[in-house]
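Have a look at final_23.pdb below; it lists PDB, N, CA and C atoms.
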```
ATOM      1  N   MET A   1     -38.765-145.455 118.771
ATOM      2  CA  MET A   1     -38.954-144.160 119.360
ATOM      3  C   MET A   1     -37.759-143.788 120.241
ATOM      4  N   LEU A   2     -37.237-144.766 120.968
ATOM      5  CA  LEU A   2     -36.126-144.483 121.873
ATOM      6  C   LEU A   2     -34.897-143.988 121.109
ATOM      7  N   ASN A   3     -34.608-144.592 119.967
ATOM      8  CA  ASN A   3     -33.453-144.140 119.187
ATOM      9  C   ASN A   3     -33.633-142.711 118.701
ATOM     10  N   ALA A   4     -34.851-142.329 118.354
ATOM     11  CA  ALA A   4     -35.109-140.953 117.921
ATOM     12  C   ALA A   4     -34.844-139.976 119.062
ATOM     13  N   VAL A   5     -35.206-140.356 120.279
ATOM     14  CA  VAL A   5     -34.946-139.501 121.449
ATOM     15  C   VAL A   5     -33.445-139.392 121.692
ATOM     16  N   LYS A   6     -32.732-140.503 121.597
ATOM     17  CA  LYS A   6     -31.282-140.497 121.817
ATOM     18  C   LYS A   6     -30.553-139.622 120.795
ATOM     19  N   MET A   7     -31.068-139.560 119.577
ATOM     20  CA  MET A   7     -30.420-138.790 118.518
ATOM     21  C   MET A   7     -30.625-137.284 118.680
ATOM     22  N   CYS A   8     -31.543-136.875 119.523
ATOM     23  CA  CYS A   8     -31.789-135.453 119.770
ATOM     24  C   CYS A   8     -30.576-134.871 120.504
ATOM     25  N   GLN A   9     -30.020-133.770 120.008
ATOM     26  CA  GLN A   9     -28.793-133.202 120.568
ATOM     27  C   GLN A   9     -28.955-132.750 122.013
ATOM     28  N   GLU A  10     -30.152-132.376 122.395
ATOM     29  CA  GLU A  10     -30.364-131.891 123.762
ATOM     30  C   GLU A  10     -30.410-133.018 124.785
ATOM     31  N   VAL A  11     -30.526-134.272 124.349
ATOM     32  CA  VAL A  11     -30.611-135.415 125.255
ATOM     33  C   VAL A  11     -29.199-135.903 125.564
ATOM     34  N   CYS A  12     -28.822-135.894 126.847
ATOM     35  CA  CYS A  12     -27.495-136.363 127.256
ATOM     36  C   CYS A  12     -27.518-137.853 127.579
ATOM     37  N   ASN A  13     -28.473-138.268 128.388
ATOM     38  CA  ASN A  13     -28.596-139.661 128.815
ATOM     39  C   ASN A  13     -30.065-140.048 128.884
ATOM     40  N   VAL A  14     -30.333-141.319 128.652
ATOM     41  CA  VAL A  14     -31.662-141.876 128.889
ATOM     42  C   VAL A  14     -31.504-142.831 130.061
ATOM     43  N   PHE A  15     -32.134-142.513 131.171
ATOM     44  CA  PHE A  15     -31.991-143.313 132.383
ATOM     45  C   PHE A  15     -32.989-144.460 132.446
ATOM     46  N   CYS A  16     -34.118-144.298 131.782
ATOM     47  CA  CYS A  16     -35.175-145.283 131.943
ATOM     48  C   CYS A  16     -36.117-145.217 130.749
ATOM     49  N   ALA A  17     -36.547-146.359 130.252
ATOM     50  CA  ALA A  17     -37.547-146.430 129.192
ATOM     51  C   ALA A  17     -38.496-147.563 129.549
ATOM     52  N   THR A  18     -39.587-147.227 130.212
ATOM     53  CA  THR A  18     -40.520-148.236 130.693
ATOM     54  C   THR A  18     -41.923-147.669 130.722
ATOM     55  N   ALA A  19     -42.886-148.545 130.731
ATOM     56  CA  ALA A  19     -44.277-148.136 130.876
ATOM     57  C   ALA A  19     -44.708-148.229 132.338
ATOM     58  N   ASN A  20     -43.813-148.724 133.201
ATOM     59  CA  ASN A  20     -44.121-148.866 134.628
ATOM     60  C   ASN A  20     -43.974-147.526 135.340
ATOM     61  N   PRO A  21     -44.674-147.348 136.466
ATOM     62  CA  PRO A  21     -44.453-146.138 137.260
ATOM     63  C   PRO A  21     -43.037-146.153 137.839
ATOM     64  N   VAL A  22     -42.373-145.007 137.841
ATOM     65  CA  VAL A  22     -40.996-144.914 138.327
ATOM     66  C   VAL A  22     -40.835-143.736 139.271
ATOM     67  N   GLN A  23     -39.747-143.752 140.034
ATOM     68  CA  GLN A  23     -39.332-142.627 140.857
ATOM     69  C   GLN A  23     -37.898-142.285 140.470
ATOM     70  N   VAL A  24     -37.586-140.990 140.446
ATOM     71  CA  VAL A  24     -36.238-140.526 140.117
ATOM     72  C   VAL A  24     -35.600-140.001 141.393
ATOM     73  N   VAL A  25     -34.388-140.476 141.696
ATOM     74  CA  VAL A  25     -33.655-140.037 142.877
ATOM     75  C   VAL A  25     -32.684-138.941 142.438
ATOM     76  N   LEU A  26     -32.853-137.747 143.001
ATOM     77  CA  LEU A  26     -32.040-136.588 142.650
ATOM     78  C   LEU A  26     -31.145-136.185 143.809
ATOM     79  N   ALA A  27     -30.042-135.515 143.490
ATOM     80  CA  ALA A  27     -29.138-134.985 144.514
ATOM     81  C   ALA A  27     -28.707-133.585 144.101
ATOM     82  N   GLN A  28     -28.379-132.777 145.115
ATOM     83  CA  GLN A  28     -27.897-131.421 144.844
ATOM     84  C   GLN A  28     -26.655-131.174 145.683
ATOM     85  N   SER A  29     -25.637-130.608 145.030
ATOM     86  CA  SER A  29     -24.401-130.248 145.725
ATOM     87  C   SER A  29     -24.041-128.821 145.351
ATOM     88  N   GLU A  30     -22.861-128.385 145.749
ATOM     89  CA  GLU A  30     -22.420-127.025 145.419
ATOM     90  C   GLU A  30     -22.214-126.856 143.911
ATOM     91  N   GLN A  31     -21.897-127.944 143.215
ATOM     92  CA  GLN A  31     -21.666-127.867 141.768
ATOM     93  C   GLN A  31     -22.953-127.893 140.952
ATOM     94  N   GLY A  32     -24.011-128.389 141.522
ATOM     95  CA  GLY A  32     -25.278-128.445 140.797
ATOM     96  C   GLY A  32     -26.112-129.640 141.198
ATOM     97  N   ARG A  33     -27.020-130.023 140.310
ATOM     98  CA  ARG A  33     -27.938-131.135 140.576
ATOM     99  C   ARG A  33     -27.636-132.295 139.641
ATOM    100  N   GLY A  34     -28.047-133.488 140.062
ATOM    101  CA  GLY A  34     -27.840-134.664 139.216
ATOM    102  C   GLY A  34     -28.798-135.776 139.552
ATOM    103  N   VAL A  35     -28.936-136.696 138.632
ATOM    104  CA  VAL A  35     -29.784-137.872 138.820
ATOM    105  C   VAL A  35     -28.919-138.991 139.381
ATOM    106  N   LEU A  36     -29.300-139.503 140.540
ATOM    107  CA  LEU A  36     -28.572-140.627 141.140
ATOM    108  C   LEU A  36     -29.043-141.957 140.574
ATOM    109  N   GLY A  37     -30.325-142.027 140.262
ATOM    110  CA  GLY A  37     -30.846-143.284 139.728
ATOM    111  C   GLY A  37     -32.337-143.224 139.504
ATOM    112  N   VAL A  38     -32.853-144.316 138.972
ATOM    113  CA  VAL A  38     -34.277-144.449 138.691
ATOM    114  C   VAL A  38     -34.750-145.737 139.338
ATOM    115  N   ILE A  39     -35.880-145.670 140.036
ATOM    116  CA  ILE A  39     -36.455-146.836 140.701
ATOM    117  C   ILE A  39     -37.688-147.262 139.908
ATOM    118  N   ASP A  40     -37.648-148.479 139.384
ATOM    119  CA  ASP A  40     -38.780-149.036 138.644
ATOM    120  C   ASP A  40     -39.758-149.575 139.668
ATOM    121  N   GLY A  41     -40.993-149.127 139.602
ATOM    122  CA  GLY A  41     -41.955-149.402 140.656
ATOM    123  C   GLY A  41     -42.688-150.710 140.595
ATOM    124  N   SER A  42     -42.392-151.607 139.684
ATOM    125  CA  SER A  42     -43.161-152.844 139.596
ATOM    126  C   SER A  42     -42.265-154.062 139.752
ATOM    127  N   SER A  43     -42.772-155.037 140.485
ATOM    128  CA  SER A  43     -42.059-156.310 140.637
ATOM    129  C   SER A  43     -42.506-157.245 139.526
ATOM    130  N   PRO A  44     -41.687-158.223 139.187
ATOM    131  CA  PRO A  44     -42.117-159.206 138.191
ATOM    132  C   PRO A  44     -43.338-159.968 138.684
ATOM    133  N   LYS A  45     -44.212-160.328 137.777
ATOM    134  CA  LYS A  45     -45.424-161.069 138.143
ATOM    135  C   LYS A  45     -45.144-162.551 138.305
ATOM    136  N   GLY A  46     -44.002-163.010 137.853
ATOM    137  CA  GLY A  46     -43.652-164.420 137.970
ATOM    138  C   GLY A  46     -42.644-164.795 136.908
ATOM    139  N   MET A  47     -42.208-166.023 136.960
ATOM    140  CA  MET A  47     -41.252-166.508 135.970
ATOM    141  C   MET A  47     -41.967-167.426 134.993
ATOM    142  N   GLU A  48     -41.556-167.348 133.761
ATOM    143  CA  GLU A  48     -42.132-168.204 132.738
ATOM    144  C   GLU A  48     -41.506-169.585 132.837
ATOM    145  N   LYS A  49     -42.334-170.605 132.747
ATOM    146  CA  LYS A  49     -41.828-171.979 132.804
ATOM    147  C   LYS A  49     -41.289-172.381 131.442
ATOM    148  N   LYS A  50     -40.272-173.213 131.441
ATOM    149  CA  LYS A  50     -39.663-173.647 130.179
ATOM    150  C   LYS A  50     -40.640-174.431 129.326
ATOM    151  N   THR A  51     -41.631-175.040 129.954
ATOM    152  CA  THR A  51     -42.620-175.830 129.207
ATOM    153  C   THR A  51     -43.887-175.020 128.926
ATOM    154  N   ALA A  52     -43.839-173.711 129.131
ATOM    155  CA  ALA A  52     -45.036-172.893 128.971
ATOM    156  C   ALA A  52     -45.568-172.936 127.546
ATOM    157  N   TRP A  53     -44.685-172.911 126.568
ATOM    158  CA  TRP A  53     -45.123-172.906 125.175
ATOM    159  C   TRP A  53     -44.061-173.576 124.326
ATOM    160  N   PRO A  54     -44.304-174.801 123.886
ATOM    161  CA  PRO A  54     -43.278-175.556 123.161
ATOM    162  C   PRO A  54     -42.806-174.897 121.866
ATOM    163  N   GLY A  55     -43.653-174.144 121.176
ATOM    164  CA  GLY A  55     -43.277-173.540 119.909
ATOM    165  C   GLY A  55     -42.579-172.210 120.036
ATOM    166  N   GLU A  56     -42.282-171.783 121.248
ATOM    167  CA  GLU A  56     -41.682-170.464 121.470
ATOM    168  C   GLU A  56     -40.305-170.335 120.809
ATOM    169  N   LYS A  57     -39.444-171.318 120.999
ATOM    170  CA  LYS A  57     -38.094-171.240 120.423
ATOM    171  C   LYS A  57     -38.148-171.213 118.893
ATOM    172  N   ASP A  58     -39.042-172.008 118.322
ATOM    173  CA  ASP A  58     -39.175-172.013 116.856
ATOM    174  C   ASP A  58     -39.633-170.658 116.352
ATOM    175  N   LEU A  59     -40.562-170.044 117.051
ATOM    176  CA  LEU A  59     -41.059-168.733 116.646
ATOM    177  C   LEU A  59     -39.964-167.672 116.753
ATOM    178  N   LEU A  60     -39.188-167.706 117.835
ATOM    179  CA  LEU A  60     -38.103-166.750 118.003
ATOM    180  C   LEU A  60     -37.045-166.929 116.916
ATOM    181  N   ARG A  61     -36.728-168.175 116.565
ATOM    182  CA  ARG A  61     -35.766-168.420 115.488
ATOM    183  C   ARG A  61     -36.305-167.926 114.150
ATOM    184  N   LYS A  62     -37.617-168.066 113.956
ATOM    185  CA  LYS A  62     -38.245-167.596 112.720
ATOM    186  C   LYS A  62     -38.077-166.071 112.581
ATOM    187  N   PHE A  63     -38.139-165.355 113.698
ATOM    188  CA  PHE A  63     -37.974-163.900 113.693
ATOM    189  C   PHE A  63     -36.496-163.493 113.622
ATOM    190  N   GLY A  64     -35.587-164.459 113.737
ATOM    191  CA  GLY A  64     -34.172-164.157 113.665
ATOM    192  C   GLY A  64     -33.513-163.915 115.007
ATOM    193  N   TYR A  65     -34.225-164.191 116.094
ATOM    194  CA  TYR A  65     -33.662-164.021 117.433
ATOM    195  C   TYR A  65     -32.785-165.213 117.749
ATOM    196  N   LYS A  66     -31.549-164.976 118.139
ATOM    197  CA  LYS A  66     -30.616-166.069 118.426
ATOM    198  C   LYS A  66     -30.758-166.523 119.865
ATOM    199  N   LEU A  67     -30.873-167.812 120.050
ATOM    200  CA  LEU A  67     -30.994-168.383 121.400
ATOM    201  C   LEU A  67     -29.696-168.980 121.845
TER     202      LEU A  67
END
```
Can you turn what I pasted into structure tokens?
Amino acid sequence: MLNAVKMCQEVCNVFCATANPVQVVLAQSEQGRGVLGVIDGSSPKGMEKKTAWPGEKDLLRKFGYKL
């Protein structure tokens, strides 16, 4: 879906693509308005342990993901 949005001629930039709640920081000057940045509103829930799932690397390789 994101690539379809990017291909639309009216879209200049995509600042954020997330399902999390976000805030957009805007600024206005004599030349006009602009987006300064996007704040993603969620913190990580934790880090995955390397021993969490032994078959994970095999599954990723099966899908063609390079480790």
**Request:** Return as a ChimeraX atom specification the set of residues that the PyMOL selection byres ((chain A and resi 38) around 6.5) yields on the displayed structure.
**Result:** /A:15,22-25,36-37,39-40
**Message:** Please extract the residues of chain A with a backbone DSSP assignment of alpha helix (DSSP H) and present them as an MDAnalysis selection string.
**Reply:** chainID A and resid 2:7 56:62
**Message:** Selection in question (the file shown): the PyMOL selection byres (((chain A and resi 2 and name CA) around 12) and name CA). Which residues does it include, as number ranges by chain?
**Reply:** A: 1, 3-8, 11, 13-18
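Between CA of Gly46 in chain A and CA of Ala19 in chain A the interatomic distance comes to 17.8 Å.
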The centre and edge lengths of an axis-aligned box containing all atoms of range 2-8 of chain A present in the file, extended by 4 Å on each side, are to be given in Å to one decimal, as lines of an AutoDock Vina configuration file.
```
center_x = -33.8
center_y = -139.8
center_z = 119.9
size_x = 14.8
size_y = 17.9
size_z = 12.0
```
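Between atom N of Lys45 in chain A and CA of Lys57 in chain A there is a distance of 21.4 Å.
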**DSSP-assigned strand (DSSP E) members of chain A, reported as a PyMOL selection string** = chain A and resi 22-28+33-40
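The space between atom N of Lys62 in chain A and atom N of Pro44 in chain A spans 27.4 Å.
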